[in-house]
>>> print(open('start.csv').read())   # CSV, C-alpha atoms
chain,number,residue,atom,x,y,z
Q,1,MET,CA,0.0,0.0,0.0
Q,2,THR,CA,1.4,3.4,-0.9
Q,3,PRO,CA,0.9,6.1,1.7
Q,4,SER,CA,-1.2,9.1,0.6
Q,5,VAL,CA,0.5,12.4,0.2
Q,6,SER,CA,-1.3,15.7,0.2
Q,7,PRO,CA,0.0,17.9,-2.7
Q,8,ARG,CA,-1.0,21.0,-0.8
Q,9,SER,CA,1.5,20.4,1.9
Q,10,VAL,CA,4.5,20.5,-0.3
Q,11,SER,CA,4.1,23.7,-2.1
Q,12,VAL,CA,6.1,26.2,-4.0
Q,13,GLU,CA,5.0,29.8,-4.3
Q,14,PRO,CA,6.8,31.1,-7.4
Q,15,ASP,CA,4.9,34.4,-7.2
Q,16,ARG,CA,6.8,35.2,-4.0
Q,17,LEU,CA,10.1,35.1,-5.8
Q,18,PRO,CA,11.2,38.1,-7.8
Q,19,ALA,CA,11.2,37.7,-11.5
Q,20,VAL,CA,14.7,38.9,-11.7
Q,21,TYR,CA,15.9,35.9,-9.7
Q,22,PHE,CA,14.7,33.6,-12.5
Q,23,ALA,CA,16.2,35.8,-15.2
Q,24,VAL,CA,19.6,35.8,-13.5
Q,25,ASN,CA,19.5,32.1,-12.5
Q,26,PRO,CA,18.1,29.9,-15.3
Q,27,MET,CA,18.6,26.8,-13.1
Q,28,ALA,CA,16.1,28.3,-10.6
Q,29,SER,CA,13.5,28.5,-13.4
Q,30,TYR,CA,14.3,24.9,-14.5
Q,31,GLN,CA,14.0,23.7,-10.9
Q,32,SER,CA,10.8,25.6,-10.4
Q,33,ALA,CA,9.3,24.0,-13.5
Q,34,GLN,CA,10.3,20.5,-12.2
Q,35,VAL,CA,8.7,21.1,-8.8
Q,36,LEU,CA,5.5,22.5,-10.3
Q,37,GLY,CA,5.2,19.6,-12.7
Q,38,ALA,CA,5.9,16.9,-10.2
Q,39,SER,CA,3.4,14.4,-8.8
Q,40,PRO,CA,2.9,14.4,-5.0
Q,41,MET,CA,5.1,11.3,-4.7
Q,42,GLN,CA,7.9,13.0,-6.8
Q,43,LEU,CA,7.6,16.0,-4.6
Q,44,ILE,CA,8.3,13.8,-1.6
Q,45,LEU,CA,11.4,12.5,-3.3
Q,46,ILE,CA,12.6,16.0,-4.0
Q,47,VAL,CA,12.1,17.0,-0.3
Q,48,TYR,CA,14.1,13.9,0.7
Q,49,ASP,CA,16.9,15.0,-1.6
Q,50,LEU,CA,16.9,18.4,0.0
Q,51,ALA,CA,16.9,17.0,3.5
Q,52,LEU,CA,19.8,14.6,2.6
Q,53,THR,CA,21.8,17.4,1.0
Q,54,ALA,CA,21.3,19.6,4.0
Q,55,CYS,CA,22.4,16.8,6.4
Q,56,GLY,CA,25.4,16.3,4.2
Q,57,ARG,CA,26.3,19.9,4.6
Q,58,ARG,CA,25.5,19.9,8.3
Q,59,ASP,CA,22.9,22.7,7.7
Q,60,THR,CA,20.6,22.4,10.6
Q,61,GLU,CA,18.1,25.0,9.5
Q,62,ARG,CA,17.6,23.5,6.0
Q,63,ALA,CA,17.5,20.0,7.2
Q,64,ARG,CA,14.9,20.9,9.8
Q,65,ARG,CA,12.8,22.7,7.2
Q,66,ALA,CA,12.9,19.8,4.8
Q,67,ILE,CA,12.0,17.3,7.5
Q,68,THR,CA,9.2,19.6,8.7
Q,69,GLU,CA,7.8,19.5,5.1
Q,70,LEU,CA,7.9,15.7,5.2
Q,71,ILE,CA,5.9,15.8,8.4
Q,72,ALA,CA,3.4,18.3,6.9
Q,73,ALA,CA,2.9,15.9,3.9
Q,74,LEU,CA,1.7,13.0,6.1
Q,75,ASN,CA,-1.9,12.0,5.7
Q,76,PHE,CA,-3.2,10.8,9.0
Q,77,ASP,CA,-6.2,9.3,7.4
Q,78,TYR,CA,-3.8,6.4,7.0
Q,79,GLN,CA,-2.5,6.2,10.6
Q,80,GLU,CA,-0.9,2.8,10.2
Q,81,ILE,CA,1.8,4.3,8.1
Q,82,ALA,CA,1.6,8.1,9.0
Q,83,VAL,CA,2.2,7.6,12.7
Q,84,PRO,CA,5.4,5.6,12.4
Q,85,LEU,CA,6.7,8.0,9.7
Q,86,PHE,CA,5.8,10.9,12.0
Q,87,ARG,CA,7.8,9.3,14.8
Q,88,LEU,CA,10.8,8.7,12.5
Q,89,TYR,CA,10.7,12.3,11.2
Q,90,GLU,CA,10.5,13.6,14.8
Q,91,TYR,CA,13.5,11.5,15.7
Q,92,CYS,CA,15.3,12.9,12.7
Q,93,LEU,CA,14.5,16.4,13.8
Q,94,SER,CA,15.9,15.8,17.3
Q,95,THR,CA,19.1,14.2,15.9
Q,96,VAL,CA,19.6,17.0,13.5
Q,97,SER,CA,19.1,19.5,16.3
Q,98,ALA,CA,21.7,17.6,18.4
Q,99,GLY,CA,24.2,17.7,15.4
Q,100,SER,CA,23.9,14.0,14.6
Q,101,PHE,CA,23.4,14.5,10.9
Q,102,HIS,CA,24.8,11.1,10.0
Q,103,GLU,CA,22.1,9.3,11.9
Q,104,ALA,CA,19.4,11.4,10.4
Q,105,SER,CA,20.8,10.8,6.9
Q,106,ASN,CA,20.8,7.1,7.4
Q,107,ILE,CA,17.1,7.0,8.3
Q,108,LEU,CA,16.1,9.5,5.6
Q,109,ARG,CA,18.1,7.6,2.9
Q,110,GLN,CA,16.3,4.4,3.8
Q,111,LEU,CA,12.9,6.1,3.7
Q,112,LYS,CA,13.7,7.7,0.4
Q,113,GLU,CA,14.6,4.3,-1.1
Q,114,ALA,CA,11.3,3.0,0.1
Q,115,TRP,CA,9.5,5.9,-1.6
Q,116,GLU,CA,11.4,5.3,-4.8
Q,117,THR,CA,10.4,1.6,-4.7
Q,118,ALA,CA,6.7,2.6,-4.1
Q,119,LEU,CA,6.9,5.1,-7.0
Q,120,LYS,CA,8.3,2.4,-9.3
Q,121,GLU,CA,5.6,-0.1,-8.3
Q,122,SER,CA,2.8,2.5,-8.5
Q,123,GLY,CA,3.2,2.8,-12.3
Q,124,GLN,CA,3.5,6.6,-12.1
Q,125,PRO,CA,6.1,8.2,-14.4
Q,126,SER,CA,9.5,8.0,-13.0
Q,127,ALA,CA,10.8,10.7,-10.7
Q,128,PHE,CA,14.3,9.9,-11.9
Q,129,GLY,CA,14.0,12.3,-14.8
Q,130,TYR,CA,14.4,15.3,-12.5
Q,131,GLN,CA,17.8,16.6,-11.6
Q,132,ARG,CA,18.6,16.5,-7.9
Q,133,LEU,CA,17.8,19.8,-6.4
Q,134,SER,CA,20.4,21.6,-4.4
Q,135,ALA,CA,19.6,22.5,-0.8
Q,136,ASP,CA,21.1,26.0,-1.2
Q,137,ARG,CA,18.5,27.1,-3.8
>>> encode(input="start.csv", output="structure tokens")
Amino acid sequence: MTPSVSPRSVSVEPDRLPAVYFAVNPMASYQSAQVLGASPMQLILIVYDLALTACGRRDTERARRAITELIAALNFDYQEIAVPLFRLYEYCLSTVSAGSFHEASNILRQLKEAWETALKESGQPSAFGYQRLSADR
């Protein structure tokens, strides 16, 4: 069973970014198009990439923001999967806050691999066509 993801919880608000930013940085425009065109499951994979990149850079703030987005995307109508994921994400938040990025990365990497498997088995178009987004964008 694939957990349900709410597309409203992982959102991008391009109208809040200045148009000059996209003109100066074509990669930002490309990445914005990728996010806006992604399915909810693909968005989850993008957020996992952001969290893993932030952990790799030992960037507490960005790692916490990405993990918080993963929590916000949980659908508690499916408690049998949402509650354990919530607990894992909470644990990751506490380990990141304590500076234990490696431990959080290990958990997040395993969860991301499970999402990739679920995406493949769901028959949705592959998320592997998107370029990994950098955490500093």
>>> atom_distance(input="start.csv", atom1="CA of Ser105 in chain Q", atom2="CA of Gly123 in chain Q")
27.2 Å
>>> atom_distance(input="start.csv", atom1="CA of Glu103 in chain Q", atom2="CA of Arg62 in chain Q")
16.0 Å
>>> residues_near_point(input="start.csv", point="(6.6, 8.9, 11.2)", cutoff="12 Å", atoms="all atoms listed in the file", output="PyMOL selection string")
chain Q and resi 3+67-68+70-76+78-93+107-108+111
>>> closest_residue(input="start.csv", among="Q:Gln110, Q:Ser94, Q:Thr117, Q:Ser100", to="Gly56 in chain Q", atoms="only C-alpha atoms")
Q:Ser100
>>> atom_distance(input="start.csv", atom1="CA of Ile44 in chain Q", atom2="CA of Glu69 in chain Q")
8.8 Å
